[in-house]
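Next comes structure38.txt, with compact mmCIF, C-alpha atoms and all ligand atoms.
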```
# COMPACT_ATOMS: atom_id res chain seq x y z
CA MET A 1 -36.64 2.03 -7.85
CA SER A 2 -35.82 -1.62 -7.22
CA SER A 3 -36.86 -4.28 -9.72
CA ARG A 4 -39.18 -5.80 -7.12
CA HIS A 5 -40.90 -2.47 -6.78
CA LEU A 6 -41.19 -2.08 -10.51
CA ALA A 7 -42.61 -5.56 -10.90
CA ARG A 8 -45.29 -4.88 -8.31
CA ARG A 9 -46.10 -1.47 -9.70
CA THR A 10 -46.56 -2.75 -13.25
CA ALA A 11 -48.43 -5.96 -12.36
CA VAL A 12 -51.83 -4.34 -12.77
CA THR A 13 -50.82 -2.45 -15.87
CA VAL A 14 -49.75 -5.55 -17.73
CA VAL A 15 -53.19 -7.08 -17.26
CA SER A 16 -54.78 -4.15 -19.07
CA ALA A 17 -51.94 -4.23 -21.59
CA ALA A 18 -52.74 -7.84 -22.42
CA ALA A 19 -56.34 -6.85 -23.05
CA LEU A 20 -55.01 -4.14 -25.32
CA VAL A 21 -52.97 -6.68 -27.25
CA ALA A 22 -56.13 -8.67 -27.85
CA MET A 23 -57.98 -5.64 -29.17
CA ALA A 24 -55.12 -4.19 -31.14
CA ALA A 25 -54.10 -7.24 -33.13
CA PRO A 26 -56.72 -7.67 -35.87
CA ALA A 27 -54.98 -10.57 -37.66
CA ASP A 28 -54.43 -12.41 -34.39
CA ALA A 29 -57.73 -11.39 -32.89
CA ALA A 30 -59.41 -14.78 -32.93
CA THR A 31 -56.62 -16.62 -31.15
CA THR A 32 -55.45 -13.81 -28.88
CA THR A 33 -58.89 -13.07 -27.52
CA SER A 34 -59.75 -16.66 -26.76
CA THR A 35 -56.46 -17.39 -25.02
CA SER A 36 -56.36 -14.15 -23.02
CA THR A 37 -59.61 -14.93 -21.34
CA THR A 38 -58.35 -18.32 -20.20
CA ALA A 39 -54.89 -17.12 -19.25
CA ALA A 40 -55.61 -17.21 -15.54
CA ALA A 41 -55.78 -21.00 -15.71
CA ALA A 42 -52.63 -23.09 -15.73
CA SER A 43 -53.37 -24.33 -19.21
CA ALA A 44 -54.38 -22.87 -22.54
CA GLY A 45 -57.37 -24.42 -24.22
CA ASP A 46 -57.02 -28.19 -24.40
CA VAL A 47 -53.28 -28.08 -23.85
CA ASP A 48 -51.73 -28.78 -20.47
CA TYR A 49 -48.47 -27.23 -19.41
CA ALA A 50 -46.44 -30.46 -19.32
CA THR A 51 -47.45 -31.36 -22.87
CA TRP A 52 -46.60 -27.88 -24.11
CA GLN A 53 -43.17 -27.99 -22.45
CA LYS A 54 -42.43 -31.44 -23.86
CA ASP A 55 -43.46 -30.33 -27.36
CA CYS A 56 -41.36 -27.15 -27.14
CA GLN A 57 -38.37 -29.15 -25.92
CA ALA A 58 -38.66 -31.52 -28.88
CA VAL A 59 -38.41 -28.59 -31.32
CA MET A 60 -35.49 -27.03 -29.45
CA ASN A 61 -33.74 -30.42 -29.50
CA GLN A 62 -33.70 -30.00 -33.28
CA ALA A 63 -32.62 -26.36 -33.17
CA LEU A 64 -29.68 -26.61 -30.79
CA PRO A 65 -27.43 -29.01 -32.78
CA TYR A 66 -27.99 -26.91 -35.90
CA LEU A 67 -27.16 -23.69 -34.04
CA LYS A 68 -24.01 -25.18 -32.49
CA GLN A 69 -22.76 -26.20 -35.90
CA ARG A 70 -23.81 -22.91 -37.60
CA ILE A 71 -22.24 -20.78 -34.86
CA ALA A 72 -19.01 -22.80 -35.07
CA ALA A 73 -18.97 -22.06 -38.81
CA THR A 74 -19.29 -18.26 -38.44
CA LYS A 75 -17.77 -16.58 -41.49
CA PRO A 76 -15.20 -13.80 -41.04
CA GLY A 77 -17.00 -10.55 -40.30
CA GLU A 78 -20.38 -12.24 -40.10
CA LYS A 79 -22.76 -10.87 -37.43
CA GLN A 80 -25.13 -13.67 -36.52
CA ALA A 81 -28.62 -13.10 -35.22
CA ILE A 82 -31.62 -15.14 -34.14
CA VAL A 83 -35.14 -13.75 -34.35
CA PHE A 84 -37.72 -14.82 -31.78
CA ASP A 85 -41.44 -14.35 -31.44
CA ILE A 86 -42.41 -13.47 -27.84
CA ASP A 87 -45.85 -14.79 -26.83
CA ASN A 88 -45.72 -18.54 -26.15
CA THR A 89 -42.26 -18.64 -27.70
CA THR A 90 -39.82 -16.83 -25.39
CA LEU A 91 -42.41 -16.26 -22.63
CA GLU A 92 -45.06 -18.53 -21.09
CA THR A 93 -47.80 -16.12 -22.08
CA ASP A 94 -50.83 -18.38 -21.97
CA PHE A 95 -49.78 -20.59 -19.05
CA GLY A 96 -50.15 -18.30 -16.08
CA PHE A 97 -50.78 -14.65 -15.64
CA SER A 98 -48.01 -13.09 -13.64
CA TYR A 99 -45.68 -10.21 -14.35
CA PRO A 100 -42.89 -10.63 -15.14
CA GLN A 101 -43.97 -13.67 -17.11
CA PRO A 102 -41.65 -16.67 -16.79
CA ALA A 103 -39.49 -17.66 -19.74
CA ASN A 104 -40.40 -20.65 -21.88
CA LYS A 105 -37.53 -22.74 -20.51
CA PRO A 106 -36.58 -24.85 -23.58
CA VAL A 107 -36.34 -21.67 -25.66
CA LEU A 108 -34.42 -19.77 -22.98
CA ASP A 109 -31.84 -22.58 -22.87
CA VAL A 110 -31.23 -22.27 -26.62
CA ALA A 111 -31.19 -18.46 -26.43
CA LYS A 112 -28.61 -18.57 -23.65
CA TYR A 113 -26.34 -20.85 -25.64
CA ALA A 114 -26.57 -18.48 -28.60
CA GLN A 115 -26.02 -15.26 -26.65
CA GLU A 116 -23.05 -16.77 -24.84
CA HIS A 117 -21.54 -17.57 -28.24
CA GLY A 118 -21.78 -14.10 -29.75
CA VAL A 119 -25.17 -14.31 -31.44
CA SER A 120 -27.43 -11.25 -31.17
CA LEU A 121 -31.03 -11.88 -30.18
CA PHE A 122 -33.86 -9.92 -31.78
CA PHE A 123 -37.48 -10.09 -30.67
CA VAL A 124 -40.26 -9.38 -33.13
CA THR A 125 -43.75 -9.28 -31.68
CA ALA A 126 -47.26 -8.30 -32.67
CA ARG A 127 -47.57 -6.66 -29.25
CA PRO A 128 -48.34 -2.96 -29.63
CA GLY A 129 -45.72 -0.31 -28.89
CA ILE A 130 -47.55 0.86 -25.77
CA ILE A 131 -46.23 -2.15 -23.84
CA TYR A 132 -42.65 -1.93 -25.18
CA THR A 133 -41.15 -1.09 -21.77
CA PHE A 134 -42.92 -3.91 -19.91
CA THR A 135 -41.93 -6.41 -22.58
CA ASP A 136 -38.30 -5.30 -22.73
CA TYR A 137 -38.05 -5.44 -18.94
CA ASN A 138 -39.68 -8.89 -18.85
CA LEU A 139 -37.30 -10.41 -21.39
CA ARG A 140 -34.20 -9.07 -19.62
CA TYR A 141 -35.56 -10.11 -16.21
CA ASP A 142 -35.87 -13.70 -17.50
CA GLY A 143 -32.28 -13.71 -18.79
CA TYR A 144 -32.62 -12.91 -22.47
CA LYS A 145 -29.99 -10.52 -23.81
CA VAL A 146 -32.03 -8.19 -25.99
CA SER A 147 -30.22 -6.68 -28.97
CA GLY A 148 -33.43 -5.38 -30.46
CA LEU A 149 -37.14 -5.47 -29.72
CA TYR A 150 -39.63 -4.75 -32.48
CA VAL A 151 -43.18 -3.96 -31.41
CA ARG A 152 -45.98 -2.81 -33.66
CA GLY A 153 -46.47 0.91 -34.11
CA LEU A 154 -49.90 2.47 -34.53
CA PHE A 155 -49.91 2.08 -38.32
CA ASP A 156 -48.36 -1.40 -38.19
CA LEU A 157 -51.37 -2.58 -36.16
CA PHE A 158 -53.50 -2.54 -39.27
CA LYS A 159 -51.00 -4.47 -41.37
CA ASP A 160 -50.94 -8.19 -41.93
CA VAL A 161 -48.90 -9.74 -39.07
CA ALA A 162 -46.76 -11.94 -41.33
CA ALA A 163 -45.90 -9.00 -43.61
CA TYR A 164 -45.09 -6.83 -40.60
CA LYS A 165 -42.80 -9.48 -39.10
CA THR A 166 -41.07 -10.15 -42.42
CA ALA A 167 -40.35 -6.43 -42.81
CA GLN A 168 -38.66 -6.37 -39.38
CA ARG A 169 -36.38 -9.27 -40.35
CA ALA A 170 -35.44 -7.44 -43.55
CA ASP A 171 -34.61 -4.43 -41.37
CA ILE A 172 -32.35 -6.56 -39.15
CA GLU A 173 -30.55 -7.85 -42.25
CA ASN A 174 -30.15 -4.27 -43.48
CA LYS A 175 -28.30 -3.57 -40.24
CA GLY A 176 -25.71 -6.13 -41.34
CA TYR A 177 -26.89 -9.25 -39.49
CA THR A 178 -27.23 -12.75 -40.86
CA ILE A 179 -30.38 -14.32 -39.41
CA ILE A 180 -29.34 -17.91 -38.82
CA ALA A 181 -32.69 -18.92 -37.31
CA ASN A 182 -36.20 -17.60 -36.82
CA ILE A 183 -38.11 -19.21 -33.94
CA GLY A 184 -41.83 -18.75 -33.36
CA ASN A 185 -45.03 -20.61 -32.64
CA SER A 186 -47.38 -19.19 -35.29
CA ALA A 187 -47.16 -19.62 -39.05
CA THR A 188 -47.22 -15.81 -39.33
CA ASP A 189 -43.97 -15.64 -37.33
CA LEU A 190 -42.09 -17.74 -39.84
CA SER A 191 -43.40 -17.16 -43.37
CA GLY A 192 -41.79 -14.67 -45.72
CA GLY A 193 -38.15 -15.77 -45.66
CA HIS A 194 -35.26 -13.65 -44.34
CA ALA A 195 -33.87 -16.46 -42.15
CA GLU A 196 -31.63 -19.43 -42.92
CA LYS A 197 -33.81 -21.79 -40.88
CA THR A 198 -37.17 -21.61 -39.16
CA TYR A 199 -38.27 -23.54 -36.08
CA LYS A 200 -41.98 -23.87 -35.37
CA LEU A 201 -43.13 -24.35 -31.80
CA PRO A 202 -46.67 -25.61 -31.25
CA ASP A 203 -49.68 -23.33 -31.39
CA TYR A 204 -52.16 -26.24 -31.37
CA ASN A 205 -54.16 -24.98 -34.32
CA GLY A 206 -54.14 -21.37 -33.20
CA GLN A 207 -54.99 -21.97 -29.53
CA LEU A 208 -51.77 -20.23 -28.46
CA SER A 209 -51.03 -16.67 -29.60
MG MG B 1 -46.60 -16.39 -30.40
```
For the structure just supplied, provide its representation as structure tokens.
Ligand SMILES: [Mg+2]
Amino acid sequence: MSSRHLARRTAVTVVSAAALVAMAAPADAATTTSTSTTAAAASAGDVDYATWQKDCQAVMNQALPYLKQRIAATKPGEKQAIVFDIDNTTLETDFGFSYPQPANKPVLDVAKYAQEHGVSLFFVTARPGIIYTFTDYNLRYDGYKVSGLYVRGLFDLFKDVAAYKTAQRADIENKGYTIIANIGNSATDLSGGHAEKTYKLPDYNGQLS
């Protein structure tokens, strides 16, 4: 099956999957539900697309010089990794409702620099496991090189999101990686340590999941 075919075939499914995300993410429920219902519009809440892009670019303008310097200083035998959140971090989740969702361009630019310089990219999301395949396909379609994708299993859905995400970073470290940066747009993406640096994209007080 061609990718175009797959995209068309899964377009309807991803709409119901997004609804499922809203239901299945208790800790995120307030923000996810409110943004999902407005996702058909070209903006999320009070935030317009241009402002969001400008704000994301400003954060990535801080991240890129650090990453260039940290990657250049790779220690012998060190396996470097970056951890990314997905919704409104690597993908434009709340700014249009297509499938595949477009990449968040400022973040994709940084990700591409890293992956072209030997850094492994890991994606840790509160999305439930049922949409693993759609999410994995979407990330690769947009140009992200996925070394690992962590979605929430049935029992993880009832855990605190921050604790769940922290546990996944610990798991990545246990596989021998050094997490040089953790990039997300919610406080729950970034708390809990297990990363040398964190970069916080805007969520406008919880308006973006
Ligand atoms: Mg997010």
Show me which residues line ligand MG 1 (chain B), defined as having an atom within 12 Å of a ligand atom where all atoms listed in the file count, and present them as number ranges by chain. A: 28, 31-32, 35, 84-94, 104, 123-127, 161-162, 165, 183-190, 200-204, 206-209
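Of the listed residues (A:Ile130, A:Val110, A:Ala73, A:Val47), A:Val110 comes nearest to A:Val59; the distances count all atoms listed in the file.
We find atom CA of A:Gln115 and atom CA of A:Ala81 to be spaced 9.2 Å apart.
Between atom CA of A:Leu67 and atom CA of A:Pro100 the interatomic distance comes to 27.8 Å.
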> Residues at most 9 Å from A:Tyr132, counting all atoms listed in the file, excluding those fewer than 4 positions away in the same chain, as a count of residues only?
Replying inline: 7
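Coordinates place atom CA of A:Tyr199 at a distance of 8.4 Å from atom CA of A:Gln62.
Using only C-alpha atoms, the residues found no farther than 10 Å from A:Arg70, other than those of its own chain fewer than 6 positions away, are Leu64, Gln80, Ile180 and Ala181 of chain A.
Closest approach to A:Asn138 from the set A:Thr166, A:Ser120, A:Gln101, A:Asn174 is made by A:Gln101, with distances taken over all atoms listed in the file.
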Taking the block above, write stretch 33-162 of chain A with C-alpha atoms as a PDB file, in the first residue's frame.
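Done, and the output landed in out-v7.pdb:
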```pdb
ATOM      1  CA  THR A  33     -10.447  18.102  25.940  1.00  0.00           C
ATOM      2  CA  SER A  34     -10.693  21.840  25.490  1.00  0.00           C
ATOM      3  CA  THR A  35      -8.091  21.975  22.729  1.00  0.00           C
ATOM      4  CA  SER A  36      -9.387  18.921  20.842  1.00  0.00           C
ATOM      5  CA  THR A  37     -12.757  20.488  20.360  1.00  0.00           C
ATOM      6  CA  THR A  38     -11.226  23.609  18.828  1.00  0.00           C
ATOM      7  CA  ALA A  39      -8.636  21.767  16.774  1.00  0.00           C
ATOM      8  CA  ALA A  40     -10.519  22.265  13.522  1.00  0.00           C
ATOM      9  CA  ALA A  41      -9.775  25.978  13.710  1.00  0.00           C
ATOM     10  CA  ALA A  42      -6.411  27.345  12.635  1.00  0.00           C
ATOM     11  CA  SER A  43      -5.657  28.473  16.157  1.00  0.00           C
ATOM     12  CA  ALA A  44      -5.799  27.036  19.641  1.00  0.00           C
ATOM     13  CA  GLY A  45      -7.628  29.073  22.227  1.00  0.00           C
ATOM     14  CA  ASP A  46      -6.402  32.660  22.247  1.00  0.00           C
ATOM     15  CA  VAL A  47      -3.185  31.795  20.453  1.00  0.00           C
ATOM     16  CA  ASP A  48      -2.741  32.379  16.745  1.00  0.00           C
ATOM     17  CA  TYR A  49      -0.456  30.250  14.647  1.00  0.00           C
ATOM     18  CA  ALA A  50       2.098  32.970  13.846  1.00  0.00           C
ATOM     19  CA  THR A  51       2.556  33.819  17.519  1.00  0.00           C
ATOM     20  CA  TRP A  52       2.977  30.158  18.423  1.00  0.00           C
ATOM     21  CA  GLN A  53       5.583  29.651  15.697  1.00  0.00           C
ATOM     22  CA  LYS A  54       7.503  32.767  16.743  1.00  0.00           C
ATOM     23  CA  ASP A  55       7.475  31.664  20.392  1.00  0.00           C
ATOM     24  CA  CYS A  56       8.622  28.135  19.497  1.00  0.00           C
ATOM     25  CA  GLN A  57      11.399  29.533  17.311  1.00  0.00           C
ATOM     26  CA  ALA A  58      12.647  31.697  20.180  1.00  0.00           C
ATOM     27  CA  VAL A  59      13.042  28.622  22.411  1.00  0.00           C
ATOM     28  CA  MET A  60      14.745  26.609  19.672  1.00  0.00           C
ATOM     29  CA  ASN A  61      17.118  29.534  19.092  1.00  0.00           C
ATOM     30  CA  GLN A  62      18.320  28.861  22.640  1.00  0.00           C
ATOM     31  CA  ALA A  63      18.463  25.092  22.196  1.00  0.00           C
ATOM     32  CA  LEU A  64      20.414  24.873  18.954  1.00  0.00           C
ATOM     33  CA  PRO A  65      23.674  26.604  20.040  1.00  0.00           C
ATOM     34  CA  TYR A  66      23.741  24.463  23.186  1.00  0.00           C
ATOM     35  CA  LEU A  67      23.164  21.274  21.185  1.00  0.00           C
ATOM     36  CA  LYS A  68      25.856  22.157  18.638  1.00  0.00           C
ATOM     37  CA  GLN A  69      28.368  22.660  21.415  1.00  0.00           C
ATOM     38  CA  ARG A  70      27.240  19.558  23.395  1.00  0.00           C
ATOM     39  CA  ILE A  71      27.288  17.335  20.302  1.00  0.00           C
ATOM     40  CA  ALA A  72      30.768  18.607  19.381  1.00  0.00           C
ATOM     41  CA  ALA A  73      31.884  17.615  22.895  1.00  0.00           C
ATOM     42  CA  THR A  74      30.622  14.010  22.691  1.00  0.00           C
ATOM     43  CA  LYS A  75      32.662  11.840  25.049  1.00  0.00           C
ATOM     44  CA  PRO A  76      34.243   8.616  23.775  1.00  0.00           C
ATOM     45  CA  GLY A  77      31.623   5.878  23.716  1.00  0.00           C
ATOM     46  CA  GLU A  78      28.840   8.252  24.668  1.00  0.00           C
ATOM     47  CA  LYS A  79      25.461   7.610  22.983  1.00  0.00           C
ATOM     48  CA  GLN A  80      23.616  10.907  22.905  1.00  0.00           C
ATOM     49  CA  ALA A  81      19.851  11.175  22.882  1.00  0.00           C
ATOM     50  CA  ILE A  82      17.199  13.882  22.869  1.00  0.00           C
ATOM     51  CA  VAL A  83      13.732  13.254  24.272  1.00  0.00           C
ATOM     52  CA  PHE A  84      10.751  15.021  22.726  1.00  0.00           C
ATOM     53  CA  ASP A  85       7.135  15.380  23.679  1.00  0.00           C
ATOM     54  CA  ILE A  86       4.842  14.977  20.636  1.00  0.00           C
ATOM     55  CA  ASP A  87       1.651  17.056  20.841  1.00  0.00           C
ATOM     56  CA  ASN A  88       2.376  20.729  20.125  1.00  0.00           C
ATOM     57  CA  THR A  89       6.091  19.988  20.404  1.00  0.00           C
ATOM     58  CA  THR A  90       7.144  17.868  17.414  1.00  0.00           C
ATOM     59  CA  LEU A  91       3.724  18.045  15.710  1.00  0.00           C
ATOM     60  CA  GLU A  92       1.288  20.927  15.140  1.00  0.00           C
ATOM     61  CA  THR A  93      -1.420  19.093  17.028  1.00  0.00           C
ATOM     62  CA  ASP A  94      -3.735  21.944  17.934  1.00  0.00           C
ATOM     63  CA  PHE A  95      -3.253  24.078  14.813  1.00  0.00           C
ATOM     64  CA  GLY A  96      -5.090  22.124  12.169  1.00  0.00           C
ATOM     65  CA  PHE A  97      -6.633  18.732  11.999  1.00  0.00           C
ATOM     66  CA  SER A  98      -5.104  16.759   9.190  1.00  0.00           C
ATOM     67  CA  TYR A  99      -3.377  13.409   9.088  1.00  0.00           C
ATOM     68  CA  PRO A 100      -0.471  13.168   8.880  1.00  0.00           C
ATOM     69  CA  GLN A 101      -0.123  16.227  11.066  1.00  0.00           C
ATOM     70  CA  PRO A 102       2.568  18.677   9.952  1.00  0.00           C
ATOM     71  CA  ALA A 103       5.746  18.987  11.985  1.00  0.00           C
ATOM     72  CA  ASN A 104       6.297  21.945  14.277  1.00  0.00           C
ATOM     73  CA  LYS A 105       8.934  23.472  11.993  1.00  0.00           C
ATOM     74  CA  PRO A 106      11.295  25.119  14.541  1.00  0.00           C
ATOM     75  CA  VAL A 107      11.508  21.823  16.446  1.00  0.00           C
ATOM     76  CA  LEU A 108      11.947  19.746  13.285  1.00  0.00           C
ATOM     77  CA  ASP A 109      14.898  21.946  12.281  1.00  0.00           C
ATOM     78  CA  VAL A 110      16.637  21.256  15.599  1.00  0.00           C
ATOM     79  CA  ALA A 111      15.761  17.552  15.442  1.00  0.00           C
ATOM     80  CA  LYS A 112      17.227  17.294  11.951  1.00  0.00           C
ATOM     81  CA  TYR A 113      20.477  18.903  13.033  1.00  0.00           C
ATOM     82  CA  ALA A 114      20.726  16.436  15.909  1.00  0.00           C
ATOM     83  CA  GLN A 115      19.855  13.311  13.918  1.00  0.00           C
ATOM     84  CA  GLU A 116      22.310  14.281  11.189  1.00  0.00           C
ATOM     85  CA  HIS A 117      25.001  14.506  13.865  1.00  0.00           C
ATOM     86  CA  GLY A 118      24.513  11.075  15.397  1.00  0.00           C
ATOM     87  CA  VAL A 119      22.025  11.879  18.138  1.00  0.00           C
ATOM     88  CA  SER A 120      19.185   9.400  18.681  1.00  0.00           C
ATOM     89  CA  LEU A 121      15.693  10.848  18.975  1.00  0.00           C
ATOM     90  CA  PHE A 122      13.199   9.422  21.454  1.00  0.00           C
ATOM     91  CA  PHE A 123       9.555  10.440  21.645  1.00  0.00           C
ATOM     92  CA  VAL A 124       7.662  10.165  24.906  1.00  0.00           C
ATOM     93  CA  THR A 125       3.961  10.908  24.729  1.00  0.00           C
ATOM     94  CA  ALA A 126       0.859  10.632  26.869  1.00  0.00           C
ATOM     95  CA  ARG A 127      -0.929   9.336  23.765  1.00  0.00           C
ATOM     96  CA  PRO A 128      -2.332   5.860  24.417  1.00  0.00           C
ATOM     97  CA  GLY A 129      -0.770   2.771  22.855  1.00  0.00           C
ATOM     98  CA  ILE A 130      -3.748   2.231  20.555  1.00  0.00           C
ATOM     99  CA  ILE A 131      -2.515   5.022  18.261  1.00  0.00           C
ATOM    100  CA  TYR A 132       1.163   3.958  18.305  1.00  0.00           C
ATOM    101  CA  THR A 133       1.209   3.047  14.597  1.00  0.00           C
ATOM    102  CA  PHE A 134      -0.397   6.304  13.428  1.00  0.00           C
ATOM    103  CA  THR A 135       1.954   8.350  15.577  1.00  0.00           C
ATOM    104  CA  ASP A 136       5.085   6.486  14.494  1.00  0.00           C
ATOM    105  CA  TYR A 137       4.082   6.826  10.842  1.00  0.00           C
ATOM    106  CA  ASN A 138       3.321  10.543  11.285  1.00  0.00           C
ATOM    107  CA  LEU A 139       6.687  11.341  12.856  1.00  0.00           C
ATOM    108  CA  ARG A 140       8.637   9.496  10.150  1.00  0.00           C
ATOM    109  CA  TYR A 141       6.491  11.034   7.389  1.00  0.00           C
ATOM    110  CA  ASP A 142       7.437  14.506   8.675  1.00  0.00           C
ATOM    111  CA  GLY A 143      11.152  13.674   8.667  1.00  0.00           C
ATOM    112  CA  TYR A 144      11.899  12.711  12.254  1.00  0.00           C
ATOM    113  CA  LYS A 145      14.223   9.732  12.638  1.00  0.00           C
ATOM    114  CA  VAL A 146      12.552   7.745  15.399  1.00  0.00           C
ATOM    115  CA  SER A 147      14.874   5.684  17.595  1.00  0.00           C
ATOM    116  CA  GLY A 148      12.134   5.001  20.105  1.00  0.00           C
ATOM    117  CA  LEU A 149       8.511   5.924  20.675  1.00  0.00           C
ATOM    118  CA  TYR A 150       6.991   5.565  24.124  1.00  0.00           C
ATOM    119  CA  VAL A 151       3.210   5.617  24.328  1.00  0.00           C
ATOM    120  CA  ARG A 152       1.138   4.945  27.409  1.00  0.00           C
ATOM    121  CA  GLY A 153       0.010   1.394  28.029  1.00  0.00           C
ATOM    122  CA  LEU A 154      -3.343   0.574  29.606  1.00  0.00           C
ATOM    123  CA  PHE A 155      -1.993   0.698  33.172  1.00  0.00           C
ATOM    124  CA  ASP A 156       0.154   3.765  32.491  1.00  0.00           C
ATOM    125  CA  LEU A 157      -3.012   5.696  31.591  1.00  0.00           C
ATOM    126  CA  PHE A 158      -3.935   5.893  35.243  1.00  0.00           C
ATOM    127  CA  LYS A 159      -0.515   7.098  36.347  1.00  0.00           C
ATOM    128  CA  ASP A 160       0.551  10.677  36.823  1.00  0.00           C
ATOM    129  CA  VAL A 161       1.810  11.950  33.430  1.00  0.00           C
ATOM    130  CA  ALA A 162       5.015  13.484  34.810  1.00  0.00           C
TER     131      ALA A 162
END
```
